[in-house]
>>> print(open('target_14.cif').read())   # mmCIF, C-alpha atoms and all ligand atoms
data_upload
loop_
_atom_site.label_atom_id
_atom_site.label_comp_id
_atom_site.auth_asym_id
_atom_site.auth_seq_id
_atom_site.Cartn_x
_atom_site.Cartn_y
_atom_site.Cartn_z
CA MET A 1 19.20 8.61 3.17
CA ARG A 2 17.54 6.10 5.49
CA CYS A 3 13.91 5.83 4.37
CA ALA A 4 11.98 6.54 1.17
CA ALA A 5 8.25 6.00 0.76
CA ILE A 6 6.54 4.81 -2.43
CA LEU A 7 2.87 5.76 -2.79
CA VAL A 8 1.27 3.57 -5.45
CA ALA A 9 -1.51 5.53 -7.13
CA ALA A 10 -1.45 4.34 -10.74
CA GLY A 11 -4.52 2.09 -10.77
CA SER A 12 -7.44 2.86 -13.05
CA GLY A 13 -10.16 2.20 -10.46
CA VAL A 14 -12.34 -0.20 -12.49
CA ARG A 15 -14.47 -1.16 -9.46
CA MET A 16 -14.99 2.51 -8.60
CA GLY A 17 -16.12 3.33 -12.13
CA ALA A 18 -15.60 7.06 -11.59
CA GLY A 19 -14.54 7.83 -15.16
CA LEU A 20 -11.11 9.01 -13.99
CA PRO A 21 -8.19 7.29 -12.24
CA LYS A 22 -9.27 6.40 -8.67
CA ALA A 23 -6.34 8.18 -6.98
CA LEU A 24 -7.39 11.46 -8.62
CA MET A 25 -11.10 11.25 -7.82
CA PRO A 26 -12.35 13.67 -5.17
CA LEU A 27 -12.77 12.39 -1.61
CA GLY A 28 -13.57 14.83 1.17
CA GLY A 29 -12.84 17.74 -1.18
CA ARG A 30 -9.36 16.60 -2.25
CA PRO A 31 -8.00 14.06 -4.74
CA LEU A 32 -7.88 10.67 -2.96
CA LEU A 33 -4.09 10.35 -3.13
CA ALA A 34 -3.55 13.69 -1.32
CA TRP A 35 -4.63 12.26 2.06
CA ALA A 36 -1.99 9.55 2.30
CA ALA A 37 0.65 11.72 0.57
CA ASP A 38 0.20 14.33 3.33
CA VAL A 39 0.83 11.78 6.06
CA LEU A 40 3.91 10.32 4.32
CA MET A 41 5.47 13.70 3.37
CA ASN A 42 5.12 14.98 6.91
CA SER A 43 6.37 11.89 8.72
CA PRO A 44 9.74 12.61 10.40
CA ALA A 45 10.89 9.12 9.33
CA VAL A 46 10.32 9.69 5.58
CA GLU A 47 13.00 11.62 3.68
CA MET A 48 11.73 11.05 0.15
CA LEU A 49 8.29 10.35 -1.34
CA VAL A 50 7.93 8.72 -4.76
CA VAL A 51 4.36 8.95 -6.03
CA VAL A 52 3.64 6.41 -8.78
CA GLY A 53 0.79 7.95 -10.73
CA PRO A 54 -1.46 7.09 -13.64
CA PRO A 55 0.61 7.46 -16.84
CA GLY A 56 -0.15 10.78 -18.54
CA HIS A 57 -1.52 12.37 -15.35
CA GLU A 58 1.80 13.44 -13.76
CA ALA A 59 0.88 17.15 -13.67
CA GLU A 60 -2.43 16.43 -11.89
CA VAL A 61 -0.61 14.23 -9.38
CA PHE A 62 1.89 17.03 -8.63
CA ALA A 63 -0.93 19.55 -8.31
CA ALA A 64 -2.76 17.28 -5.84
CA LEU A 65 0.17 17.17 -3.40
CA GLY A 66 0.23 19.51 -0.41
CA ASP A 67 3.28 20.76 1.46
CA GLY A 68 5.67 18.50 3.30
CA ASP A 69 9.25 18.07 4.43
CA ALA A 70 10.15 15.14 2.19
CA GLU A 71 11.74 15.42 -1.25
CA VAL A 72 9.09 14.45 -3.86
CA ALA A 73 9.24 12.65 -7.20
CA VAL A 74 6.34 11.62 -9.46
CA VAL A 75 6.78 8.70 -11.88
CA PRO A 76 4.30 6.90 -14.19
CA GLY A 77 3.02 3.50 -13.09
CA GLY A 78 2.68 0.14 -14.80
CA GLU A 79 0.24 -2.63 -15.67
CA SER A 80 -0.21 -4.04 -12.17
CA ARG A 81 0.32 -2.87 -8.60
CA SER A 82 3.61 -4.76 -8.33
CA HIS A 83 4.79 -3.36 -11.66
CA SER A 84 4.06 0.13 -10.29
CA VAL A 85 6.06 -0.69 -7.15
CA ALA A 86 8.97 -1.82 -9.38
CA LEU A 87 8.85 1.47 -11.31
CA GLY A 88 8.71 3.44 -8.05
CA LEU A 89 11.75 1.55 -6.74
CA GLU A 90 13.73 2.68 -9.78
CA ALA A 91 13.29 6.27 -8.58
CA VAL A 92 14.62 5.46 -5.09
CA PRO A 93 18.33 6.39 -4.99
CA PRO A 94 20.90 3.70 -4.18
CA GLY A 95 21.98 3.81 -0.55
CA VAL A 96 18.46 4.24 0.84
CA GLU A 97 18.19 1.70 3.66
CA TYR A 98 14.43 1.21 4.05
CA VAL A 99 11.52 1.48 1.63
CA LEU A 100 7.97 1.88 2.82
CA VAL A 101 5.18 1.13 0.32
CA HIS A 102 1.64 2.47 0.76
CA ASP A 103 -1.57 2.35 -1.32
CA ALA A 104 -3.08 5.70 -2.28
CA ALA A 105 -6.38 3.84 -1.87
CA ARG A 106 -5.86 3.86 1.94
CA PRO A 107 -6.37 7.53 2.87
CA LEU A 108 -6.89 6.87 6.61
CA ILE A 109 -3.28 5.80 7.34
CA ALA A 110 -2.47 6.75 10.94
CA PRO A 111 0.85 8.67 11.20
CA ALA A 112 1.97 6.37 14.06
CA LEU A 113 1.87 3.33 11.74
CA ILE A 114 4.95 4.59 9.89
CA PRO A 115 7.40 4.38 12.82
CA ALA A 116 5.60 1.21 13.96
CA VAL A 117 6.32 -0.74 10.75
CA LEU A 118 9.87 0.66 10.54
CA GLU A 119 10.53 -0.57 14.10
CA GLY A 120 9.09 -3.94 13.11
CA ILE A 121 11.99 -4.46 10.66
CA ALA A 122 14.56 -4.44 13.48
CA ASP A 123 14.86 -8.26 13.44
CA ALA A 124 13.23 -9.02 10.07
CA ASP A 125 13.36 -8.09 6.37
CA GLY A 126 9.95 -6.49 6.37
CA ALA A 127 7.03 -5.48 8.56
CA ILE A 128 3.48 -4.76 7.46
CA ALA A 129 0.36 -3.25 8.99
CA ALA A 130 -2.26 -5.98 9.37
CA ALA A 131 -5.46 -6.84 11.21
CA PRO A 132 -6.81 -10.16 12.49
CA LEU A 133 -9.87 -11.51 10.65
CA ALA A 134 -13.26 -10.44 11.98
CA ASP A 135 -15.33 -12.74 9.75
CA THR A 136 -15.09 -16.51 9.37
CA PRO A 137 -13.08 -17.47 6.26
CA LYS A 138 -14.28 -20.29 3.97
CA ARG A 139 -12.47 -22.12 1.20
CA VAL A 140 -14.84 -23.02 -1.66
CA ASP A 141 -14.58 -25.06 -4.86
CA ALA A 142 -15.58 -24.14 -8.43
CA GLU A 143 -19.25 -24.95 -7.62
CA ARG A 144 -19.08 -22.54 -4.66
CA GLU A 145 -19.43 -25.39 -2.22
CA ILE A 146 -17.48 -24.96 1.02
CA THR A 147 -14.60 -27.39 1.24
CA GLU A 148 -12.89 -26.07 4.36
CA THR A 149 -13.27 -23.66 7.26
CA PRO A 150 -9.68 -22.75 8.15
CA GLY A 151 -10.52 -21.01 11.45
CA ARG A 152 -9.57 -17.43 12.18
CA GLU A 153 -6.63 -18.24 14.44
CA GLY A 154 -3.35 -17.25 12.84
CA LEU A 155 -4.99 -15.55 9.84
CA TRP A 156 -4.40 -11.84 9.28
CA LEU A 157 -5.44 -9.39 6.57
CA ALA A 158 -2.52 -7.50 5.04
CA GLN A 159 -2.78 -3.72 4.81
CA THR A 160 -0.31 -1.02 3.91
CA PRO A 161 2.05 0.60 4.88
CA GLN A 162 4.55 -2.22 4.32
CA ALA A 163 8.22 -1.52 5.11
CA PHE A 164 11.24 -3.47 3.87
CA ARG A 165 14.99 -3.42 3.76
CA ALA A 166 15.46 -1.76 0.38
CA GLU A 167 17.90 -4.32 -1.03
CA VAL A 168 15.58 -7.21 -0.09
CA LEU A 169 12.57 -5.61 -1.81
CA ARG A 170 14.68 -4.92 -4.93
CA GLU A 171 15.84 -8.54 -5.00
CA ALA A 172 12.27 -9.78 -4.49
CA VAL A 173 10.90 -7.65 -7.34
CA MET A 174 13.68 -8.79 -9.68
CA HIS A 175 13.12 -12.45 -8.75
CA ALA A 176 9.35 -12.29 -9.41
CA ALA A 177 9.95 -10.46 -12.71
CA GLU A 178 12.43 -13.13 -13.83
CA LEU A 179 9.87 -15.85 -13.10
CA GLY A 180 7.18 -13.88 -14.98
CA ARG A 181 5.17 -13.67 -11.74
CA LEU A 182 5.45 -9.97 -10.90
CA HIS A 183 1.87 -9.19 -11.94
CA ASP A 184 0.39 -11.99 -9.78
CA ALA A 185 1.48 -10.50 -6.45
CA THR A 186 -1.17 -8.34 -4.77
CA ASP A 187 1.16 -7.04 -2.06
CA CYS A 188 4.89 -6.49 -1.55
CA ALA A 189 5.20 -8.84 1.42
CA SER A 190 4.35 -11.82 -0.79
CA LEU A 191 7.20 -10.84 -3.14
CA VAL A 192 9.64 -10.76 -0.20
CA GLU A 193 8.26 -14.06 1.13
CA GLY A 194 9.01 -15.45 -2.34
CA VAL A 195 12.76 -14.95 -1.81
CA GLY A 196 12.65 -16.39 1.70
CA GLY A 197 12.51 -13.01 3.43
CA ARG A 198 11.14 -12.78 6.96
CA VAL A 199 8.17 -10.43 7.25
CA ARG A 200 6.31 -9.59 10.47
CA VAL A 201 2.82 -8.22 10.97
CA VAL A 202 2.29 -5.10 13.04
CA PRO A 203 -1.24 -5.18 14.51
CA ASN A 204 -3.26 -2.15 13.46
CA ALA A 205 -6.59 -1.59 15.16
CA ALA A 206 -7.18 1.89 13.68
CA PRO A 207 -9.47 2.20 10.64
CA ASN A 208 -7.32 1.80 7.52
CA MET A 209 -9.88 0.75 4.92
CA LYS A 210 -9.10 0.43 1.23
CA VAL A 211 -11.35 2.66 -0.85
CA THR A 212 -12.59 0.39 -3.65
CA THR A 213 -16.26 1.13 -4.42
CA PRO A 214 -18.49 4.25 -4.35
CA SER A 215 -19.92 3.31 -0.93
CA ASP A 216 -16.35 3.11 0.44
CA VAL A 217 -15.91 6.78 -0.54
CA ARG A 218 -18.82 7.77 1.71
CA ILE A 219 -17.52 5.70 4.64
CA ALA A 220 -13.98 7.10 4.28
CA GLU A 221 -15.31 10.67 4.13
CA LEU A 222 -17.25 10.06 7.33
CA LEU A 223 -14.18 8.64 9.12
CA LEU A 224 -11.88 11.43 7.88
CA GLY A 225 -14.44 13.99 9.06
CA GLU A 226 -14.60 12.41 12.52
CA ARG A 227 -10.81 12.24 12.76
CA ASP A 228 -10.34 15.89 11.77
CA ALA A 229 -13.07 16.99 14.20
CA GLY A 230 -11.45 15.03 17.06
N1 LIG B 1 -2.08 0.46 -8.33
C1 LIG B 1 -1.01 0.95 -9.07
N2 LIG B 1 -0.79 0.49 -10.34
C2 LIG B 1 -1.61 -0.44 -10.89
C3 LIG B 1 -2.71 -0.95 -10.15
C4 LIG B 1 -2.92 -0.50 -8.86
O1 LIG B 1 -0.27 1.81 -8.58
N3 LIG B 1 -1.37 -0.83 -12.16
C5 LIG B 1 -2.36 1.01 -7.00
C6 LIG B 1 -3.70 1.70 -6.91
O2 LIG B 1 -3.61 3.03 -7.41
C7 LIG B 1 -4.04 1.60 -5.44
C8 LIG B 1 -3.31 0.34 -5.00
O3 LIG B 1 -2.42 -0.03 -6.03
O4 LIG B 1 -3.58 2.70 -4.69
C9 LIG B 1 -4.29 -0.79 -4.69
O5 LIG B 1 -5.00 -1.11 -5.88
P1 LIG B 1 -6.58 -1.10 -6.04
O6 LIG B 1 -7.23 -0.64 -4.78
O7 LIG B 1 -6.96 -2.39 -6.63
O8 LIG B 1 -6.81 0.11 -7.09
P2 LIG B 1 -7.16 0.01 -8.63
O9 LIG B 1 -6.34 -1.06 -9.27
O10 LIG B 1 -7.06 1.38 -9.19
O11 LIG B 1 -8.71 -0.41 -8.59
P3 LIG B 1 -9.42 -1.58 -9.45
O12 LIG B 1 -8.72 -2.86 -9.08
O13 LIG B 1 -10.84 -1.53 -9.02
O14 LIG B 1 -9.22 -1.20 -10.90
MG MG B 2 -6.60 -3.15 -8.65
#
>>> encode(input="target_14.cif", output="structure tokens")
Amino acid sequence: MRCAAILVAAGSGVRMGAGLPKALMPLGGRPLLAWAADVLMNSPAVEMLVVVGPPGHEAEVFAALGDGDAEVAVVPGGESRSHSVALGLEAVPPGVEYVLVHDAARPLIAPALIPAVLEGIADADGAIAAAPLADTPKRVDAEREITETPGREGLWLAQTPQAFRAEVLREAVMHAAELGRLHDATDCASLVEGVGGRVRVVPNAAPNMKVTTPSDVRIAELLLGERDAG
């Protein structure tokens, strides 16, 4: 098998405050995780999809999934996003060459991004969807006083999907776990950077917002509606 995808969907959604795990909350008439799962399961590049779900909700996760060509597994997640990635990796069979990791919280993933990040690995260990900064970043101290304006040039915001050579991602996860730093990493690229891996950004101009708060749900529903109408 060449490529397996891991959909991390095990977060509790504290900032959403929906009273149920965020990935299972309704968005546009379906559980949030179903949107990205559909795209991954139906991508010609993806042979297996591992959905990492909220522990104890495996049946609801299965029920939320639509039809697709990829083989599907559902596993319970962990205490942090990176821990959930590590648990998802355990369900990826040995011999799989590439692993693509995506957040269930990004339902707008464009199907073309999947081959784009996989092509980006050709001369690197990983490639991630990313966008240049639109706002001006500021570094501030503990008193919230600005200490530096780094300038937008050369700064990008990491998104998912993020694709890696499977053995490099496994090594990176193991290394961070050994150092007790697995929970600190907020994306997979930073884990791979931590073992000296080379990771490229793949510019993504399409909307690929992360659904975090209740107002994000309304924006994502609007964008999904426009996409499906067009
Ligand atoms: N995630 C996960 N396991 C965790 C934490 C997060 O699989 N222990 C997943 C989420 O389900 C989400 C993605 O990582 O798809 C990005 O996380 P985030 O948007 O922060 O979601 P939550 O952690 O659920 O939200 P919050 O931080 O507001 O609690
Ligand atoms: Mg979180």
>>> closest_atom_pairs(input="target_14.cif", of="chain A", to="ligand LIG 1 (chain B)", cutoff="6 Å", atoms="only C-alpha atoms and all ligand atoms", output="JSON lines")
{"residue": "A:Val8", "atom": "CA", "partner": "B:LIG1", "partner_atom": "O1", "distance": 3.9}
{"residue": "A:Ala9", "atom": "CA", "partner": "B:LIG1", "partner_atom": "O2", "distance": 3.3}
{"residue": "A:Ala10", "atom": "CA", "partner": "B:LIG1", "partner_atom": "O1", "distance": 3.5}
{"residue": "A:Gly11", "atom": "CA", "partner": "B:LIG1", "partner_atom": "O10", "distance": 3.1}
{"residue": "A:Ser12", "atom": "CA", "partner": "B:LIG1", "partner_atom": "O10", "distance": 4.2}
{"residue": "A:Gly13", "atom": "CA", "partner": "B:LIG1", "partner_atom": "O10", "distance": 3.4}
{"residue": "A:Val14", "atom": "CA", "partner": "B:LIG1", "partner_atom": "O14", "distance": 3.6}
{"residue": "A:Arg15", "atom": "CA", "partner": "B:LIG1", "partner_atom": "O13", "distance": 3.7}
{"residue": "A:Met16", "atom": "CA", "partner": "B:LIG1", "partner_atom": "O13", "distance": 5.8}
{"residue": "A:Lys22", "atom": "CA", "partner": "B:LIG1", "partner_atom": "O10", "distance": 5.5}
{"residue": "A:Ala23", "atom": "CA", "partner": "B:LIG1", "partner_atom": "O2", "distance": 5.8}
{"residue": "A:Gly77", "atom": "CA", "partner": "B:LIG1", "partner_atom": "N2", "distance": 5.6}
{"residue": "A:Gly78", "atom": "CA", "partner": "B:LIG1", "partner_atom": "N3", "distance": 4.9}
{"residue": "A:Glu79", "atom": "CA", "partner": "B:LIG1", "partner_atom": "N3", "distance": 4.3}
{"residue": "A:Ser80", "atom": "CA", "partner": "B:LIG1", "partner_atom": "N3", "distance": 3.4}
{"residue": "A:Arg81", "atom": "CA", "partner": "B:LIG1", "partner_atom": "C2", "distance": 3.9}
{"residue": "A:Ser84", "atom": "CA", "partner": "B:LIG1", "partner_atom": "N2", "distance": 4.9}
{"residue": "A:Asp103", "atom": "CA", "partner": "B:LIG1", "partner_atom": "O4", "distance": 3.9}
{"residue": "A:Ala104", "atom": "CA", "partner": "B:LIG1", "partner_atom": "O4", "distance": 3.9}
{"residue": "A:Ala105", "atom": "CA", "partner": "B:LIG1", "partner_atom": "O4", "distance": 4.1}
{"residue": "A:Thr212", "atom": "CA", "partner": "B:LIG1", "partner_atom": "O6", "distance": 5.6}
>>> closest_residue(input="target_14.cif", among="A:Leu182, A:Ile6, A:Val192, A:Leu108", to="Leu169 in chain A", atoms="all atoms listed in the file")
A:Val192
>>> closest_residue(input="target_14.cif", among="A:Glu60, A:Pro44, A:Gly180, A:Ser82", to="ligand MG 2 (chain B)", atoms="all atoms listed in the file")
A:Ser82
>>> atom_distance(input="target_14.cif", atom1="CA of Ala166 in chain A", atom2="CA of Gly95 in chain A")
8.6 Å
>>> atom_distance(input="target_14.cif", atom1="CA of Arg198 in chain A", atom2="CA of Glu167 in chain A")
13.5 Å
>>> closest_residue(input="target_14.cif", among="A:Ala134, A:Ile146, A:Val92, A:Ala110", to="Glu71 in chain A", atoms="all atoms listed in the file")
A:Val92
>>> atom_distance(input="target_14.cif", atom1="CA of Pro214 in chain A", atom2="CA of Leu40 in chain A")
24.8 Å
>>> residues_around(input="target_14.cif", residues="range 219-223 of chain A", least_positions_apart="6", cutoff="9 Å", atoms="only C-alpha atoms", output="list in words")
Leu27, Gly28, Pro107, Leu108, Pro207, Met209, Lys210 and Val211 of chain A
>>> closest_residue(input="target_14.cif", among="A:Val168, A:Ala37, A:Ala185, A:Ala229", to="ligand MG 2 (chain B)", atoms="all atoms listed in the file")
A:Ala185
>>> closest_residue(input="target_14.cif", among="A:Ala91, A:Ala4, A:Ala116, A:Glu58", to="Pro21 in chain A", atoms="only C-alpha atoms")
A:Glu58
>>> closest_residue(input="target_14.cif", among="A:Glu193, A:Glu145, A:Asp69, A:Glu90", to="Ala124 in chain A", atoms="only C-alpha atoms")
A:Glu193
>>> decode(input="target_14.cif", residues="range 149-160 of chain A", atoms="all heavy atoms", output="mmCIF file, in the first residue's frame")
data_model
loop_
_atom_site.group_PDB
_atom_site.id
_atom_site.type_symbol
_atom_site.label_atom_id
_atom_site.label_comp_id
_atom_site.auth_asym_id
_atom_site.auth_seq_id
_atom_site.Cartn_x
_atom_site.Cartn_y
_atom_site.Cartn_z
ATOM 1 N N THR A 149 8.065 43.251 15.620
ATOM 2 C CA THR A 149 7.176 43.028 14.477
ATOM 3 C C THR A 149 7.979 42.272 13.425
ATOM 4 O O THR A 149 8.785 42.870 12.719
ATOM 5 C CB THR A 149 6.655 44.369 13.912
ATOM 6 O OG1 THR A 149 5.908 45.018 14.945
ATOM 7 C CG2 THR A 149 5.742 44.151 12.709
ATOM 8 N N PRO A 150 7.815 40.936 13.389
ATOM 9 C CA PRO A 150 8.687 40.123 12.534
ATOM 10 C C PRO A 150 8.563 40.400 11.030
ATOM 11 O O PRO A 150 9.476 40.142 10.300
ATOM 12 C CB PRO A 150 8.259 38.682 12.842
ATOM 13 C CG PRO A 150 7.468 38.756 14.114
ATOM 14 C CD PRO A 150 6.875 40.123 14.158
ATOM 15 N N GLY A 151 7.432 40.962 10.582
ATOM 16 C CA GLY A 151 7.275 41.141 9.130
ATOM 17 C C GLY A 151 6.702 39.874 8.523
ATOM 18 O O GLY A 151 7.089 38.771 8.911
ATOM 19 N N ARG A 152 5.816 40.040 7.573
ATOM 20 C CA ARG A 152 5.093 38.875 7.053
ATOM 21 C C ARG A 152 5.947 37.985 6.155
ATOM 22 O O ARG A 152 5.657 36.808 5.989
ATOM 23 C CB ARG A 152 3.873 39.334 6.245
ATOM 24 C CG ARG A 152 2.752 39.888 7.097
ATOM 25 C CD ARG A 152 1.471 39.911 6.318
ATOM 26 N NE ARG A 152 1.564 40.746 5.132
ATOM 27 C CZ ARG A 152 0.942 41.913 4.987
ATOM 28 N NH1 ARG A 152 0.199 42.363 5.965
ATOM 29 N NH2 ARG A 152 1.045 42.608 3.881
ATOM 30 N N GLU A 153 6.997 38.602 5.573
ATOM 31 C CA GLU A 153 7.781 37.860 4.584
ATOM 32 C C GLU A 153 8.357 36.578 5.181
ATOM 33 O O GLU A 153 8.968 36.599 6.249
ATOM 34 C CB GLU A 153 8.918 38.744 4.084
ATOM 35 C CG GLU A 153 9.375 38.370 2.694
ATOM 36 C CD GLU A 153 10.600 39.192 2.322
ATOM 37 O OE1 GLU A 153 10.505 40.423 2.308
ATOM 38 O OE2 GLU A 153 11.647 38.566 2.055
ATOM 39 N N GLY A 154 8.132 35.477 4.510
ATOM 40 C CA GLY A 154 8.699 34.208 4.963
ATOM 41 C C GLY A 154 7.903 33.534 6.071
ATOM 42 O O GLY A 154 8.309 32.490 6.568
ATOM 43 N N LEU A 155 6.784 34.124 6.483
ATOM 44 C CA LEU A 155 5.957 33.488 7.517
ATOM 45 C C LEU A 155 4.697 32.888 6.879
ATOM 46 O O LEU A 155 4.006 33.558 6.110
ATOM 47 C CB LEU A 155 5.547 34.499 8.588
ATOM 48 C CG LEU A 155 6.642 34.927 9.559
ATOM 49 C CD1 LEU A 155 6.094 35.936 10.559
ATOM 50 C CD2 LEU A 155 7.224 33.725 10.297
ATOM 51 N N TRP A 156 4.423 31.647 7.197
ATOM 52 C CA TRP A 156 3.261 30.941 6.657
ATOM 53 C C TRP A 156 2.464 30.343 7.796
ATOM 54 O O TRP A 156 3.023 30.022 8.847
ATOM 55 C CB TRP A 156 3.723 29.801 5.723
ATOM 56 C CG TRP A 156 4.362 30.299 4.470
ATOM 57 C CD1 TRP A 156 5.565 30.935 4.354
ATOM 58 C CD2 TRP A 156 3.822 30.214 3.143
ATOM 59 N NE1 TRP A 156 5.806 31.247 3.038
ATOM 60 C CE2 TRP A 156 4.758 30.816 2.280
ATOM 61 C CE3 TRP A 156 2.647 29.683 2.611
ATOM 62 C CZ2 TRP A 156 4.542 30.902 0.904
ATOM 63 C CZ3 TRP A 156 2.439 29.762 1.241
ATOM 64 C CH2 TRP A 156 3.374 30.375 0.401
ATOM 65 N N LEU A 157 1.175 30.159 7.569
ATOM 66 C CA LEU A 157 0.317 29.484 8.554
ATOM 67 C C LEU A 157 0.108 28.046 8.108
ATOM 68 O O LEU A 157 -0.347 27.802 6.971
ATOM 69 C CB LEU A 157 -1.033 30.204 8.642
ATOM 70 C CG LEU A 157 -0.976 31.608 9.258
ATOM 71 C CD1 LEU A 157 -2.319 32.316 9.102
ATOM 72 C CD2 LEU A 157 -0.582 31.532 10.731
ATOM 73 N N ALA A 158 0.439 27.111 8.994
ATOM 74 C CA ALA A 158 0.312 25.684 8.657
ATOM 75 C C ALA A 158 -1.154 25.267 8.691
ATOM 76 O O ALA A 158 -1.900 25.658 9.582
ATOM 77 C CB ALA A 158 1.115 24.852 9.649
ATOM 78 N N GLN A 159 -1.547 24.490 7.697
ATOM 79 C CA GLN A 159 -2.879 23.892 7.662
ATOM 80 C C GLN A 159 -2.692 22.374 7.622
ATOM 81 O O GLN A 159 -1.577 21.868 7.762
ATOM 82 C CB GLN A 159 -3.622 24.335 6.386
ATOM 83 C CG GLN A 159 -3.721 25.848 6.188
ATOM 84 C CD GLN A 159 -4.380 26.206 4.863
ATOM 85 O OE1 GLN A 159 -4.700 25.346 4.040
ATOM 86 N NE2 GLN A 159 -4.590 27.493 4.654
ATOM 87 N N THR A 160 -3.777 21.664 7.430
ATOM 88 C CA THR A 160 -3.708 20.267 7.020
ATOM 89 C C THR A 160 -4.490 20.182 5.716
ATOM 90 O O THR A 160 -5.348 21.044 5.470
ATOM 91 C CB THR A 160 -4.323 19.308 8.078
ATOM 92 O OG1 THR A 160 -5.714 19.549 8.204
ATOM 93 C CG2 THR A 160 -3.625 19.461 9.416
#
